[in-house]
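Trainee: This one is target-v3.txt, compact mmCIF, C-alpha atoms.
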# COMPACT_ATOMS: atom_id res chain seq x y z
CA MET A 1 0.00 0.00 0.00
CA THR A 2 1.33 3.43 -0.93
CA GLN A 3 1.60 6.34 1.45
CA SER A 4 -1.17 8.17 -0.41
CA GLN A 5 -3.50 5.16 -0.07
CA THR A 6 -2.78 4.89 3.65
CA SER A 7 -3.44 8.61 4.16
CA ALA A 8 -6.72 8.41 2.24
CA GLU A 9 -8.00 5.51 4.34
CA GLU A 10 -6.97 7.23 7.57
CA LEU A 11 -8.78 10.40 6.48
CA LEU A 12 -11.93 8.45 5.67
CA GLY A 13 -12.40 7.81 9.41
CA PHE A 14 -13.90 4.33 9.17
CA ASN A 15 -13.77 3.86 12.94
CA ASN A 16 -15.93 6.46 14.65
CA PRO A 17 -17.52 4.69 17.65
CA GLN A 18 -19.98 7.51 18.31
CA TYR A 19 -21.31 7.43 14.74
CA ASP A 20 -21.41 3.62 14.74
CA LEU A 21 -23.39 3.49 17.97
CA ALA A 22 -25.89 6.08 16.73
CA ALA A 23 -26.42 4.11 13.51
CA LYS A 24 -26.97 0.84 15.38
CA ASN A 25 -29.39 2.44 17.83
CA ILE A 26 -31.45 3.75 14.91
CA LEU A 27 -31.47 0.36 13.18
CA SER A 28 -32.59 -1.25 16.44
CA GLU A 29 -35.78 0.85 16.53
CA ARG A 30 -38.71 -1.55 16.08
CA SER A 31 -40.29 0.42 13.21
CA VAL A 32 -36.97 0.65 11.34
CA ALA A 33 -36.24 -3.04 11.92
CA ALA A 34 -39.74 -3.82 10.63
CA TYR A 35 -38.92 -2.10 7.33
CA LEU A 36 -35.74 -4.16 7.07
CA LEU A 37 -37.63 -7.41 7.64
CA LYS A 38 -40.32 -6.56 5.10
CA GLY A 39 -37.72 -5.49 2.53
CA THR A 40 -35.29 -8.40 2.87
CA VAL A 41 -36.99 -11.44 4.44
CA PRO A 42 -39.51 -13.19 2.14
CA GLU A 43 -41.52 -14.49 5.11
CA PHE A 44 -42.55 -10.89 5.92
CA LYS A 45 -43.19 -9.69 2.37
CA ASN A 46 -46.98 -9.57 2.69
CA ALA A 47 -47.17 -8.37 6.29
CA SER A 48 -47.75 -4.74 7.21
CA ILE A 49 -45.00 -2.70 8.82
CA LYS A 50 -47.24 -2.20 11.85
CA ASP A 51 -47.90 -5.92 12.29
CA ILE A 52 -44.22 -6.76 11.93
CA ALA A 53 -43.24 -4.16 14.52
CA GLU A 54 -46.00 -4.97 17.00
CA LYS A 55 -46.68 -8.69 16.53
CA CYS A 56 -43.68 -10.32 14.84
CA ILE A 57 -40.59 -8.85 16.51
CA GLU A 58 -40.23 -10.76 19.73
CA GLY A 59 -39.07 -8.98 22.86
CA ASP A 60 -37.15 -5.73 23.08
CA ILE A 61 -34.45 -4.82 20.57
CA GLN A 62 -31.43 -3.43 22.34
CA VAL A 63 -27.80 -2.79 21.54
CA SER A 64 -25.72 -5.23 23.62
CA ASP A 65 -22.57 -7.37 23.53
CA VAL A 66 -23.17 -11.02 22.65
CA PRO A 67 -19.93 -12.34 21.12
CA VAL A 68 -19.74 -14.23 17.83
CA ASN A 69 -16.70 -16.38 18.58
CA PRO A 70 -17.11 -20.10 19.36
CA GLY A 71 -17.40 -20.79 23.07
CA LYS A 72 -18.48 -17.22 23.82
CA THR A 73 -21.92 -16.79 22.24
CA ASN A 74 -23.98 -18.92 24.58
CA VAL A 75 -21.87 -18.85 27.74
CA VAL A 76 -24.64 -17.16 29.68
CA LYS A 77 -28.23 -18.31 29.89
CA LYS A 78 -30.63 -17.09 27.27
CA PRO A 79 -32.08 -13.72 28.39
CA LYS A 80 -35.80 -13.24 28.73
CA LYS A 81 -35.67 -10.26 26.40
CA ILE A 82 -34.20 -10.34 22.92
CA LYS A 83 -31.09 -8.21 22.84
CA GLY A 84 -29.37 -6.54 19.97
CA LEU A 85 -25.61 -6.47 19.95
CA ARG A 86 -22.92 -3.86 19.66
CA ASN A 87 -20.16 -3.55 17.07
CA GLU A 88 -16.76 -5.31 17.18
CA ALA A 89 -15.89 -4.46 20.75
CA GLY A 90 -14.98 -6.60 23.72
CA ASP A 91 -12.05 -7.93 25.63
CA VAL A 92 -9.13 -7.45 23.23
CA THR A 93 -7.13 -10.23 24.90
CA GLU A 94 -9.88 -12.72 24.07
CA GLY A 95 -10.36 -11.42 20.53
CA TRP A 96 -14.11 -11.11 20.80
CA ILE A 97 -16.20 -10.26 17.75
CA THR A 98 -19.78 -9.26 18.52
CA PHE A 99 -22.99 -8.98 16.56
CA ASP A 100 -24.39 -5.49 15.93
CA ILE A 101 -28.08 -6.21 16.48
CA ILE A 102 -29.77 -9.55 17.05
CA PHE A 103 -33.38 -10.44 17.87
CA HIS A 104 -36.00 -13.11 17.36
CA ALA A 105 -39.02 -12.75 15.08
CA ILE A 106 -42.15 -14.80 14.50
CA ILE A 107 -43.36 -15.48 10.96
CA PRO A 108 -46.76 -13.79 10.42
CA ASP A 109 -48.65 -16.94 9.48
CA SER A 110 -51.99 -18.28 10.61
CA GLY A 111 -50.49 -21.76 10.77
CA GLU A 112 -47.40 -22.87 12.65
CA ARG A 113 -45.46 -20.06 14.32
CA ILE A 114 -41.83 -20.55 13.32
CA ARG A 115 -39.18 -18.47 15.02
CA LEU A 116 -36.47 -16.79 12.97
CA ILE A 117 -33.26 -15.40 14.42
CA ILE A 118 -32.45 -12.08 12.78
CA ASN A 119 -29.08 -10.33 12.85
CA ILE A 120 -28.53 -6.84 11.40
CA GLU A 121 -25.05 -5.47 10.71
CA ALA A 122 -24.16 -1.89 9.78
CA GLN A 123 -21.07 -1.57 7.59
CA LYS A 124 -19.51 1.55 6.09
CA THR A 125 -17.65 -0.16 3.26
CA PHE A 126 -17.29 -3.46 1.41
CA SER A 127 -13.80 -2.55 0.17
CA GLU A 128 -11.44 -5.50 0.65
CA SER A 129 -8.43 -3.17 0.64
CA THR A 130 -9.89 -1.21 3.55
CA LEU A 131 -11.37 -4.09 5.54
CA LYS A 132 -8.50 -6.52 4.80
CA TYR A 133 -11.07 -9.26 4.20
CA ILE A 134 -14.03 -10.09 1.95
CA LEU A 135 -17.24 -8.82 3.55
CA THR A 136 -19.45 -11.56 2.10
CA LYS A 137 -17.26 -14.24 3.68
CA ARG A 138 -17.58 -12.52 7.03
CA ALA A 139 -21.36 -12.60 6.58
CA VAL A 140 -21.18 -16.37 5.96
CA PHE A 141 -19.19 -16.77 9.19
CA TYR A 142 -21.74 -14.76 11.17
CA ALA A 143 -24.65 -16.76 9.72
CA SER A 144 -22.87 -20.00 10.62
CA ARG A 145 -22.37 -18.80 14.18
CA LEU A 146 -26.06 -17.90 14.44
CA ILE A 147 -26.76 -21.56 13.65
CA SER A 148 -24.10 -23.24 15.80
CA SER A 149 -24.72 -21.04 18.85
CA GLN A 150 -28.32 -22.31 19.07
CA LYS A 151 -27.15 -25.48 20.80
CA GLU A 152 -28.14 -25.30 24.46
CA THR A 153 -30.01 -22.04 23.85
CA GLU A 154 -32.67 -22.80 21.21
CA PHE A 155 -32.35 -26.58 21.60
CA SER A 156 -30.49 -29.01 23.83
CA GLY A 157 -28.64 -32.26 23.36
CA SER A 158 -29.11 -33.76 19.89
CA ASP A 159 -32.55 -32.29 19.20
CA TYR A 160 -31.39 -30.78 15.90
CA SER A 161 -34.96 -30.67 14.58
CA GLU A 162 -35.35 -27.52 16.66
CA VAL A 163 -32.62 -25.57 14.82
CA LYS A 164 -34.11 -22.19 13.87
CA LYS A 165 -33.76 -20.46 10.53
CA VAL A 166 -31.42 -17.45 10.60
CA TYR A 167 -30.96 -14.27 8.60
CA THR A 168 -27.95 -12.01 8.76
CA ILE A 169 -28.69 -8.68 7.07
CA TRP A 170 -25.78 -6.42 6.17
CA ILE A 171 -26.38 -2.75 5.36
CA CYS A 172 -23.40 -1.25 3.57
CA MET A 173 -23.22 2.53 3.19
CA GLU A 174 -21.82 2.25 -0.34
CA SER A 175 -22.51 0.12 -3.39
CA PRO A 176 -20.29 -1.81 -5.84
CA ALA A 177 -22.73 -0.79 -8.59
CA ASP A 178 -23.96 2.60 -9.79
CA ARG A 179 -27.22 2.07 -7.91
CA SER A 180 -28.52 0.49 -4.72
CA VAL A 181 -28.46 -3.31 -4.70
CA ILE A 182 -29.95 -6.08 -2.52
CA ASN A 183 -28.51 -9.61 -2.83
CA HIS A 184 -29.94 -12.67 -1.06
CA TYR A 185 -27.86 -15.84 -0.54
CA ARG A 186 -29.41 -19.07 0.71
CA MET A 187 -29.01 -22.85 0.71
CA ALA A 188 -30.56 -24.72 -2.21
CA GLU A 189 -31.12 -28.37 -3.11
CA ARG A 190 -29.37 -29.87 -6.13
CA HIS A 191 -30.11 -33.38 -7.43
CA LEU A 192 -26.86 -35.10 -8.42
CA VAL A 193 -28.12 -38.69 -8.80
CA GLY A 194 -31.79 -39.57 -8.97
CA LYS A 195 -34.47 -37.25 -7.70
CA TYR A 196 -35.67 -36.89 -4.14
CA LYS A 197 -37.03 -33.62 -2.79
CA GLU A 198 -36.28 -32.88 0.84
CA PRO A 199 -38.77 -30.47 2.42
CA GLN A 200 -37.26 -27.02 1.97
CA GLU A 201 -37.77 -26.06 5.61
CA ASN A 202 -35.32 -28.81 6.63
CA TYR A 203 -32.29 -27.28 4.88
CA ASP A 204 -33.15 -23.67 4.02
CA LEU A 205 -31.80 -22.43 7.34
CA ILE A 206 -28.95 -20.03 6.50
CA ASN A 207 -29.81 -16.74 4.78
CA ILE A 208 -27.50 -13.83 4.02
CA VAL A 209 -28.79 -10.49 2.73
CA MET A 210 -26.38 -7.82 1.51
CA VAL A 211 -27.88 -4.33 1.13
CA TYR A 212 -25.63 -1.88 -0.74
CA LEU A 213 -26.73 1.76 -0.67
CA ALA A 214 -26.08 4.23 -3.48
CA SER A 215 -27.33 7.76 -4.03
CA GLY A 216 -30.08 8.43 -6.53
CA PRO A 217 -33.83 7.76 -6.64
CA VAL A 218 -35.12 4.29 -5.78
CA ARG A 219 -38.56 2.73 -5.93
CA ASN A 220 -37.93 0.36 -3.05
CA LYS A 221 -39.39 1.88 0.13
CA MET A 222 -36.88 0.25 2.49
CA LEU A 223 -33.94 1.55 0.45
CA SER A 224 -35.54 4.99 0.33
CA MET A 225 -35.85 5.00 4.13
CA LEU A 226 -32.20 3.99 4.57
CA GLN A 227 -31.13 6.75 2.18
CA VAL A 228 -32.96 9.31 4.31
CA ILE A 229 -31.26 8.06 7.46
CA PHE A 230 -27.73 7.56 6.18
CA GLN A 231 -27.22 9.38 2.88
CA GLU A 232 -29.25 12.59 2.74
CA THR A 233 -26.57 14.51 4.58
CA ASP A 234 -27.85 17.90 3.46
CA LYS A 235 -30.83 17.52 5.79
CA THR A 236 -30.96 18.24 9.52
CA ALA A 237 -32.06 15.71 12.12
CA GLU A 238 -35.38 17.55 12.42
CA GLU A 239 -35.95 17.39 8.66
CA LYS A 240 -35.10 13.69 8.57
CA SER A 241 -37.43 13.03 11.49
CA GLU A 242 -40.28 14.78 9.70
CA ILE A 243 -39.71 12.74 6.51
CA LEU A 244 -39.58 9.49 8.46
CA ARG A 245 -42.84 10.37 10.21
CA LYS A 246 -44.79 11.55 7.16
CA LYS A 247 -43.43 9.40 4.33
CA PHE A 248 -42.70 6.18 6.23
CA ASP A 249 -45.10 6.44 9.18
CA ILE A 250 -42.23 5.82 11.60
CA GLU A 251 -42.67 6.95 15.19
CA VAL A 252 -39.50 8.95 15.74
CA THR A 253 -38.80 8.99 19.45
CA ALA A 254 -36.80 11.69 21.19
CA GLU A 255 -33.96 9.17 21.53
CA MET A 256 -34.02 8.35 17.82
CA GLU A 257 -34.00 12.03 16.85
CA GLU A 258 -31.02 12.55 19.13
CA GLU A 259 -29.18 9.70 17.36
CA LEU A 260 -29.98 11.33 14.01
CA ARG A 261 -28.64 14.61 15.36
CA THR A 262 -25.43 12.90 16.47
CA MET A 263 -24.89 11.53 12.97
CA CYS A 264 -25.64 14.90 11.36
CA ASN A 265 -23.36 16.79 13.74
CA LEU A 266 -20.48 14.44 13.04
CA SER A 267 -21.05 15.10 9.31
CA GLU A 268 -19.34 11.80 8.67
CA GLY A 269 -21.60 10.94 5.77
CA ILE A 270 -20.86 14.21 3.97
CA TYR A 271 -17.14 14.01 4.58
CA GLU A 272 -16.67 10.36 3.72
CA ARG A 273 -18.78 10.44 0.57
CA GLY A 274 -17.20 13.67 -0.68
CA LEU A 275 -13.68 12.41 -0.10
CA THR A 276 -14.45 8.98 -1.52
CA GLN A 277 -15.98 10.49 -4.65
CA GLY A 278 -12.96 12.75 -5.07
CA ILE A 279 -10.59 9.81 -4.83
CA ALA A 280 -12.73 7.74 -7.23
CA GLN A 281 -12.95 10.57 -9.76
CA GLY A 282 -9.19 11.08 -9.66
CA ALA A 283 -8.58 7.37 -10.18
CA GLU A 284 -11.06 7.26 -13.08
CA ALA A 285 -9.40 10.24 -14.79
CA LYS A 286 -6.02 8.50 -14.53
CA THR A 287 -7.46 5.27 -15.97
CA ILE A 288 -8.99 7.17 -18.91
CA GLU A 289 -5.62 8.76 -19.58
CA VAL A 290 -3.96 5.31 -19.66
CA ILE A 291 -6.65 3.95 -21.99
CA MET A 292 -6.31 6.78 -24.49
CA ASN A 293 -2.49 6.63 -24.45
CA LEU A 294 -2.59 2.90 -25.24
CA TRP A 295 -5.34 3.34 -27.85
CA ASN A 296 -3.50 6.14 -29.63
CA ALA A 297 -0.36 4.01 -29.60
CA GLY A 298 -2.28 1.33 -31.52
CA LYS A 299 -2.27 -1.25 -28.72
CA ASP A 300 -4.60 -4.23 -28.92
CA LEU A 301 -7.90 -3.97 -27.03
CA SER A 302 -7.04 -7.05 -24.95
CA ILE A 303 -3.94 -5.26 -23.63
CA ILE A 304 -5.98 -2.15 -22.79
CA LYS A 305 -8.50 -4.29 -20.89
CA ILE A 306 -5.73 -5.81 -18.78
CA ALA A 307 -4.08 -2.45 -18.12
CA SER A 308 -7.28 -0.65 -17.15
CA GLY A 309 -9.30 -3.45 -15.58
CA TRP A 310 -12.33 -2.13 -17.48
CA THR A 311 -14.74 -3.99 -19.77
CA GLU A 312 -14.54 -3.64 -23.55
CA GLU A 313 -17.86 -1.80 -23.61
CA LYS A 314 -16.70 0.77 -21.07
CA ILE A 315 -13.37 1.28 -22.87
CA MET A 316 -15.10 1.87 -26.21
CA ARG A 317 -17.42 4.46 -24.65
CA VAL A 318 -14.34 6.38 -23.51
CA VAL A 319 -12.68 6.07 -26.94
CA LYS A 320 -15.79 7.19 -28.81
CA LYS A 321 -16.35 10.12 -26.46
CA ASP A 322 -12.73 11.25 -26.86
CA ASN A 323 -12.91 11.03 -30.66
CA ASN A 324 -16.11 13.07 -30.92
Represent the structure from my file as structure tokens, please.

Mentor:
Amino acid sequence: MTQSQTSAEELLGFNNPQYDLAAKNILSERSVAAYLLKGTVPEFKNASIKDIAEKCIEGDIQVSDVPVNPGKTNVVKKPKKIKGLRNEAGDVTEGWITFDIIFHAIIPDSGERIRLIINIEAQKTFSESTLKYILTKRAVFYASRLISSQKETEFSGSDYSEVKKVYTIWICMESPADRSVINHYRMAERHLVGKYKEPQENYDLINIVMVYLASGPVRNKMLSMLQVIFQETDKTAEEKSEILRKKFDIEVTAEMEEELRTMCNLSEGIYERGLTQGIAQGAEAKTIEVIMNLWNAGKDLSIIKIASGWTEEKIMRVVKKDNN
């Protein structure tokens, strides 16, 4: 890593505990969590936000400190209330990793009431160079821990029939595409020899949802709500609260408005996005310069693709624009 890259990442301020805590407290509001369930978990697709918040989310959602690591998650007895969990913080000597928010939810069905275990994670970036790991793989690890930690909490002994379905939902404050994206990963059955269909509920237990936010208009109501909270940095906490009340029918408590104010006062969203865009624009300008130098030198398109890392279609758009 070059000195300029190191300086840029330091300036981005990816570790602001006060901002992180405010974001997690907002996401742990029942009405906000209800939007996340309706927008990402198929079992809640047809339920109303009000029913999800009042009837389906089990217990109180709080920000707490249940660790992810094996041997730590279910050391204590299961609490009576469902507790959300704080960011990666704990005893450094033990190397604890903790969930952001975790709670139980009941599927809104007139038949059997099946409990889901829901985990929500707030993440500023998916960049492997910044995180030093692949975010999706971390999500797989968290989902696996949500399954394995159920032993002696959700079920005991070898009663594996009682394993509960889990969702880990990751909200990333940037997108790898030019628009907001939601990806859902789950287990699926594949017939290799012969054909036998296992009931889906017996294996469809691990679910990972990656939500990537980008600026720009969206039709999805959940994404629109998240944009108001995290990306519309030109608005005050009072303005955001009013939008959340009127457009999304969210009861904004005094505590929630204070968390919004904390985020606005830190101006982290404005600063990070402005600096990130500046860095990205500078890098793009340099890449375009390389492309045109190679093109004008008569280099083969395959060489230009390797040098730039861009697709043929994107390269030709640059070439055509430059020649017009």

Trainee: Measuring between all atoms listed in the file, which one of A:Ala47, A:Ile206, A:Leu223, A:Leu116 shows the shortest distance to A:Ile171?

Mentor: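 Looking only at the distances to A:Ile171, the closest residue turns out to be A:Leu223.
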
Trainee: Between A:Ala283, A:Ile229, A:Ile243, A:Met210, which is the closest to A:Glu259 once you count all atoms listed in the file?

Mentor: A:Ile229

Trainee: Which of these residues is nearest to A:Leu266, using only C-alpha atoms: A:Ile134, A:Val140, A:Ile114, A:Ala237?

Mentor: A:Ala237

Trainee: Counting all atoms listed in the file, which residue out of A:Ile102, A:Lys164, A:Ser127, A:Thr40 sits closest to A:Lys151?

Mentor: A:Lys164

Trainee: In the coordinates of the file, take the point (-17.2, -2.5, 3.7) and a cut-off of 10 Å; then, counting all atoms listed in the file, name each qualifying protein, DNA or RNA residue as a list of chain:residue names.

Mentor: A:Phe14, A:Ala122, A:Gln123, A:Lys124, A:Thr125, A:Phe126, A:Ser127, A:Glu128, A:Ser129, A:Thr130, A:Leu131, A:Lys132, A:Tyr133, A:Ile134, A:Leu135, A:Thr136, A:Trp170, A:Ile171, A:Cys172, A:Met173, A:Glu174, A:Ser175, A:Tyr212

Trainee: For A:Ile52, list every protein, DNA or RNA residue within 8 Å, evaluated using all atoms listed in the file, and leave out those in the same chain fewer than 4 positions away; present the list as a list in words.

Mentor: Ala34, Leu37, Lys38, Phe44, Ala47, Ser48, Cys56, Ile57 and Pro108 of chain A

Trainee: Measuring between all atoms listed in the file, which one of A:Val163, A:Ile250, A:Ile26, A:Ala188 shows the shortest distance to A:Ala53?

Mentor: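 Checking each of A:Val163, A:Ile250, A:Ile26, A:Ala188 against A:Ala53, counting all atoms listed in the file, the winner is A:Ile250.
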
Trainee: Record the distance separating atom CA of A:Lys24 and atom CA of A:Thr236, expressed in Å with one decimal.

Mentor: 18.8 Å

Trainee: Measuring between all atoms listed in the file, which one of A:Lys221, A:Lys240, A:His104, A:Arg190 shows the shortest distance to A:Glu154?

Mentor: A:His104

Trainee: Rounded to one decimal place, report the atom CA of A:Arg115-atom CA of A:Gly39 distance in Å.

Mentor: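 Straight-line distance from atom CA of A:Arg115 to atom CA of A:Gly39 works out to 18.1 Å.
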
Trainee: Would you be able to write out as a list in words which residues have an atom within 9 Å of (-34.8, -27.0, 6.7) in the file's coordinates, counting only C-alpha atoms?

Mentor: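 The answer, in the requested form, is Ser161, Val163, Lys164, Lys165, Glu198, Pro199, Gln200, Glu201, Asn202, Tyr203, Asp204 and Leu205 of chain A.
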
Trainee: Could you work out how far atom CA of A:Tyr35 lies from atom CA of A:Glu162, giving the answer in Å with one decimal?

Mentor: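 Value for the atom CA of A:Glu162-atom CA of A:Tyr35 distance: 27.3 Å.
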